[in-house]
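The structure appears right after this line, and notes come after that.
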Amino acid sequence: MSKGRIISFRVADEHYAQLLARSTNGGSPGSYARELMLQALHAEQVVGGVQVRLDRQEQQVTELRQELRKVLRSALVVFGRFSHEQAKDWVEQTLKG
């Protein structure tokens with residue numbers, strides 16, 4: 001283990017009892033608390049990465065919906081013999097959101 005900074009803090013008796021009960025294989029409550037802290041830091045990074053991917057997906061869905069509206073309006077004008085205004089109104093009424 002590399003040398004690093006020491007972090008110490010106090011916990012309430014009930015939290016210490018939980019750390020003691022959950023520390024397994026003869027591990028100390030302190031080592032279990034360290035493990036929990038490292039897991040929490042890693043989870044924060046993972047959640048951030050997932051959020052970035054979700055934001056990208058949301059943007060792609062929005063762009064896809066915009067393109068679908070354009071294609072549908074064009075198809076209604078070309079094949080359905082709608083005016084541009086009728087096609088626009090129909091698409092906006094039909095594809096909400």
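The way I read the labels, and the way they are meant: chains A, B, ... in the order of the structure tokens, residue 1 as the first residue of every chain, and ligand 1 as the first ligand shown, with later ones counted on from there.
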DSSP-assigned alpha helix (DSSP H) among chain A, expressed as a ChimeraX atom specification: /A:13-22,29-79,84-94
Residue among A:Arg22, A:Arg34, A:Arg65, A:His42 lying closest to A:Phe9, counting only C-alpha atoms: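 Between A:Arg22, A:Arg34, A:Arg65, A:His42, the residue approaching A:Phe9 most closely is A:Arg34.
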Surrounding residues of A:Lys88 excluding itself and chain neighbours under 2 positions, 12 Å, only C-alpha atoms, as a PyMOL selection string: chain A and resi 69-77+82-86+90-95
Kindly save the residues from that selection, with N, CA and C atoms included, as a JSON list (two decimals), in the first residue's frame.
```json
[["chain", "number", "residue", "atom", "x", "y", "z"],
["A", 69, "ARG", "N", -39.78, 13.74, -37.60],
["A", 69, "ARG", "CA", -40.79, 14.75, -37.96],
["A", 69, "ARG", "C", -40.57, 15.28, -39.37],
["A", 70, "LYS", "N", -39.30, 15.58, -39.70],
["A", 70, "LYS", "CA", -38.97, 16.10, -41.03],
["A", 70, "LYS", "C", -39.34, 15.09, -42.11],
["A", 71, "VAL", "N", -38.94, 13.84, -41.90],
["A", 71, "VAL", "CA", -39.20, 12.79, -42.90],
["A", 71, "VAL", "C", -40.70, 12.58, -43.06],
["A", 72, "LEU", "N", -41.42, 12.54, -41.96],
["A", 72, "LEU", "CA", -42.86, 12.31, -42.01],
["A", 72, "LEU", "C", -43.57, 13.46, -42.71],
["A", 73, "ARG", "N", -43.17, 14.70, -42.41],
["A", 73, "ARG", "CA", -43.77, 15.85, -43.11],
["A", 73, "ARG", "C", -43.52, 15.75, -44.61],
["A", 74, "SER", "N", -42.30, 15.41, -44.98],
["A", 74, "SER", "CA", -41.97, 15.30, -46.41],
["A", 74, "SER", "C", -42.77, 14.19, -47.07],
["A", 75, "ALA", "N", -42.89, 13.05, -46.40],
["A", 75, "ALA", "CA", -43.65, 11.92, -46.96],
["A", 75, "ALA", "C", -45.12, 12.29, -47.14],
["A", 76, "LEU", "N", -45.67, 13.01, -46.18],
["A", 76, "LEU", "CA", -47.08, 13.42, -46.30],
["A", 76, "LEU", "C", -47.28, 14.37, -47.46],
["A", 77, "VAL", "N", -46.33, 15.24, -47.69],
["A", 77, "VAL", "CA", -46.44, 16.18, -48.80],
["A", 77, "VAL", "C", -46.29, 15.45, -50.13],
["A", 82, "PHE", "N", -50.52, 16.33, -49.09],
["A", 82, "PHE", "CA", -50.81, 17.34, -48.09],
["A", 82, "PHE", "C", -50.06, 18.61, -48.47],
["A", 83, "SER", "N", -50.57, 19.75, -48.08],
["A", 83, "SER", "CA", -49.78, 20.97, -48.20],
["A", 83, "SER", "C", -48.73, 20.94, -47.10],
["A", 84, "HIS", "N", -47.72, 21.77, -47.24],
["A", 84, "HIS", "CA", -46.67, 21.82, -46.20],
["A", 84, "HIS", "C", -47.28, 22.16, -44.85],
["A", 85, "GLU", "N", -48.21, 23.08, -44.83],
["A", 85, "GLU", "CA", -48.83, 23.50, -43.57],
["A", 85, "GLU", "C", -49.69, 22.37, -42.98],
["A", 86, "GLN", "N", -50.45, 21.66, -43.82],
["A", 86, "GLN", "CA", -51.26, 20.53, -43.34],
["A", 86, "GLN", "C", -50.36, 19.43, -42.77],
["A", 90, "TRP", "N", -50.38, 18.14, -38.94],
["A", 90, "TRP", "CA", -50.69, 16.75, -38.65],
["A", 90, "TRP", "C", -49.57, 16.11, -37.81],
["A", 91, "VAL", "N", -48.32, 16.34, -38.22],
["A", 91, "VAL", "CA", -47.18, 15.76, -37.51],
["A", 91, "VAL", "C", -47.12, 16.29, -36.08],
["A", 92, "GLU", "N", -47.32, 17.58, -35.89],
["A", 92, "GLU", "CA", -47.26, 18.17, -34.55],
["A", 92, "GLU", "C", -48.39, 17.64, -33.66],
["A", 93, "GLN", "N", -49.56, 17.41, -34.23],
["A", 93, "GLN", "CA", -50.67, 16.88, -33.44],
["A", 93, "GLN", "C", -50.47, 15.40, -33.13],
["A", 94, "THR", "N", -49.87, 14.68, -34.06],
["A", 94, "THR", "CA", -49.73, 13.23, -33.91],
["A", 94, "THR", "C", -48.52, 12.85, -33.07],
["A", 95, "LEU", "N", -47.40, 13.50, -33.29],
["A", 95, "LEU", "CA", -46.16, 13.18, -32.57],
["A", 95, "LEU", "C", -45.92, 14.20, -31.48]]
```
Separation of atom CA of A:Asn25 from atom CA of A:Arg10 in Å: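 For atom CA of A:Arg10 relative to atom CA of A:Asn25, the distance reads 23.3 Å.
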Counting only C-alpha atoms, the option among A:Val47, A:Lys3, A:Leu64, A:Tyr32 closest to A:His15: A:Tyr32
Nearest-residue call for A:Pro29, choices A:Leu41, A:Val61, A:Val46, A:Val11, using only C-alpha atoms: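 Of the candidates, the smallest distance to A:Pro29 is held by A:Val11.
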